[in-house]
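Student: Okay, handing you the structure first.
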Amino acid sequence: MVSGTPKTEFGALDIQKNGAMIGVDEAGRGPLAGPVVAAAVVLGKSAPGGLADSKVLSSKKRAGLDLEIRRTCAWAVGIVEPQRIDEINILQATLQAMTEAVQRLDTELGCTIGEVLIDGNMTPEGRRAGWRWPARAIVGGDGTEPAISAASIVAKEWRDRIMIQAAQTHPHYGWERNKGYGSREHMEALRVHGPTPMHRHSFAPVAQANLL
C-alpha cells in the first residue's frame, strides 16, 4: 500500500474551500544505497500534535507519529530505485518521487488540489513531466509547515523500513543502523565486499569501490 485516506473520507480531512493543501518532503537524497522516497500528505482534522522535522524527532516519537499520520490523514509515497537514480541523477529522481507521490494522492482524493507545499528551494514544476499542480517551495518547511512535517515523517519512516528489510539480504553493510549513509562501517564493507544492486553506482564512493 502506497497511499491511504481516513475511513471517514473527506469529512476527516482539512480541505479548504479552494482545494486540498498537500505537504511534500523526501528522504534519502544523500545515502550511497537505497531508494529516494517522497511522501505527500493532506492533514486530517484529527492529525496528531507535535509534528516537526523528522530529523529532530527521536526514533520512537517519529515512529508513533508516522502511525498516527497514516491513520488520520490522506497520504501517498513515491519511490525511485537506485538504478533509476543512476540513470537520471539524484535531483531528477527526487523530483520524480515527489511527482509520483502527489499523483497517487491526487487520484486517492479525487478533489481539487489548491496548493502543494514542498520543503526546500525547488519544485518539480517545469522540471518533471507530469507535474500539473500549483506548487510553492519553502526553505525549512519541514519545521514550519505541519503538512510538510508530516510528509517528512512518513517519507523517513517508509525509507527506513526499506533499508532495514534490505539489510537482511545484504547483512555486511549495517543498513539497519546507517540506512545506507556512508558510515565508517558501510565504507569498510564497500571496500571488502564491493557494491550491491541496492547501491547508487553513480555516487563517487560507490564508483570508486567498483574500481577496486
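For the C-alpha cells, the naming scheme is as follows: chains receive sequential letters (A, B, ...) according to their order of presentation, residues are indexed from 1 within each chain, and ligands are indexed from 1 in presentation order.
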Just want the 12 Å neighbourhood of A:Tyr181, counted on only C-alpha atoms, with same-chain residues fewer than 4 positions away dropped. Output as a list in words.

Tutor: Ala27, Gly28, Arg29, Gly30, Pro31, Leu32, Ala33, Gly34, Pro35, Asp160, Met163, Tyr173, Gly174, Trp175, Glu176, Arg177, Glu185, His186, Met187, Leu190, His199, Arg200, Phe203, Pro205 and Val206 of chain A

Student: Compile a residue-level contact table for stretch 108-129 of chain A against stretch 72-89 of chain A at a cut-off of 12 Å, reporting for every qualifying residue the shortest atom pair and its distance in Å to one decimal, with only C-alpha atoms counted, rows ordered by chain and ascending number, as a tab-separated table.

Tutor:
```
residue	atom	partner	partner_atom	distance
A:Glu108	CA	A:Ala74	CA	8.1
A:Leu109	CA	A:Ala74	CA	7.7
A:Gly110	CA	A:Ala74	CA	11.5
A:Arg128	CA	A:Ile88	CA	11.3
```

Student: Could you go through stretch 21-180 of chain A and tell me which residues DSSP, when run on the backbone, assigns to alpha helix (DSSP H), listing them as JSON, numbers by chain?

Tutor: {"A": [59, 60, 61, 62, 63, 64, 65, 66, 67, 68, 69, 70, 71, 72, 82, 83, 84, 85, 86, 87, 88, 90, 91, 92, 93, 94, 95, 96, 97, 98, 99, 100, 101, 102, 103, 104, 105, 106, 107, 108, 109, 141, 142, 143, 144, 146, 147, 148, 149, 150, 151, 152, 153, 154, 155, 156, 157, 158, 159, 160, 161, 162, 163, 164, 165, 166, 167, 168, 169, 175, 176, 177, 178]}

Student: Given only C-alpha atoms as the basis, pick out the residue of A:Thr99, A:Thr169, A:Asn178, A:Thr144 nearest to A:Gly130.

Tutor: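 Closest to A:Gly130, using only C-alpha atoms: A:Thr99.
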
Student: Hey, which of A:Glu125, A:Asp106, A:Glu188, A:Glu157 ends up closest to A:Met21? Count only C-alpha atoms.

Tutor: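 Looking at the shortest contact to A:Met21, the residue is A:Asp106.
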
Student: Please, what distance in Å, to one decimal, runs between atom CA of A:Ala129 and atom CA of A:Ala204?

Tutor: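 That distance, rounded to one decimal, is 27.9 Å.
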
Student: Find, counting only C-alpha atoms, the residue in A:Gly126, A:Gly19, A:Gly4, A:Gly143 that gets nearest to A:Lys55.

Tutor: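 Once distances to A:Lys55 are computed over only C-alpha atoms, the minimum belongs to A:Gly143.
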
Student: Counting only C-alpha atoms, give me one row per residue of stretch 10-104 of chain A with an atom at most 9 Å from an atom of stretch 148-155 of chain A, showing the shortest contact pair and its distance in Å to one decimal, sorted by chain then residue number, as a Markdown table.

Tutor:
```
| residue | atom | partner | partner_atom | distance |
| --- | --- | --- | --- | --- |
| A:Ile22 | CA | A:Ile148 | CA | 7.8 |
| A:Gly23 | CA | A:Ile148 | CA | 4.2 |
| A:Val24 | CA | A:Ile148 | CA | 5.3 |
| A:Asp25 | CA | A:Ser152 | CA | 5.0 |
| A:Glu26 | CA | A:Ala155 | CA | 5.8 |
| A:Ala27 | CA | A:Ala155 | CA | 5.5 |
| A:Gly28 | CA | A:Ala155 | CA | 8.7 |
| A:Val36 | CA | A:Ala155 | CA | 8.9 |
| A:Val37 | CA | A:Ala155 | CA | 5.8 |
| A:Ala38 | CA | A:Ala155 | CA | 5.5 |
| A:Ala39 | CA | A:Ala151 | CA | 5.0 |
| A:Ala40 | CA | A:Ala151 | CA | 5.5 |
| A:Val41 | CA | A:Ala151 | CA | 5.5 |
| A:Val42 | CA | A:Ala150 | CA | 8.8 |
| A:Leu43 | CA | A:Ala150 | CA | 7.9 |
| A:Leu51 | CA | A:Ser149 | CA | 5.8 |
| A:Ala52 | CA | A:Ser149 | CA | 5.0 |
| A:Asp53 | CA | A:Ser149 | CA | 5.1 |
| A:Ser54 | CA | A:Ile153 | CA | 4.9 |
| A:Lys55 | CA | A:Ile153 | CA | 8.4 |
| A:Leu57 | CA | A:Ile153 | CA | 9.0 |
| A:Arg62 | CA | A:Ile153 | CA | 6.4 |
| A:Ala63 | CA | A:Ile153 | CA | 8.1 |
| A:Leu65 | CA | A:Ile153 | CA | 7.4 |
| A:Asp66 | CA | A:Val154 | CA | 5.5 |
| A:Leu67 | CA | A:Val154 | CA | 8.5 |
| A:Ile69 | CA | A:Ala150 | CA | 6.8 |
| A:Arg70 | CA | A:Val154 | CA | 7.8 |
| A:Trp75 | CA | A:Ala151 | CA | 8.0 |
| A:Ala76 | CA | A:Val154 | CA | 8.9 |
| A:Val77 | CA | A:Ala155 | CA | 7.1 |
| A:Gly78 | CA | A:Ala155 | CA | 8.9 |
```
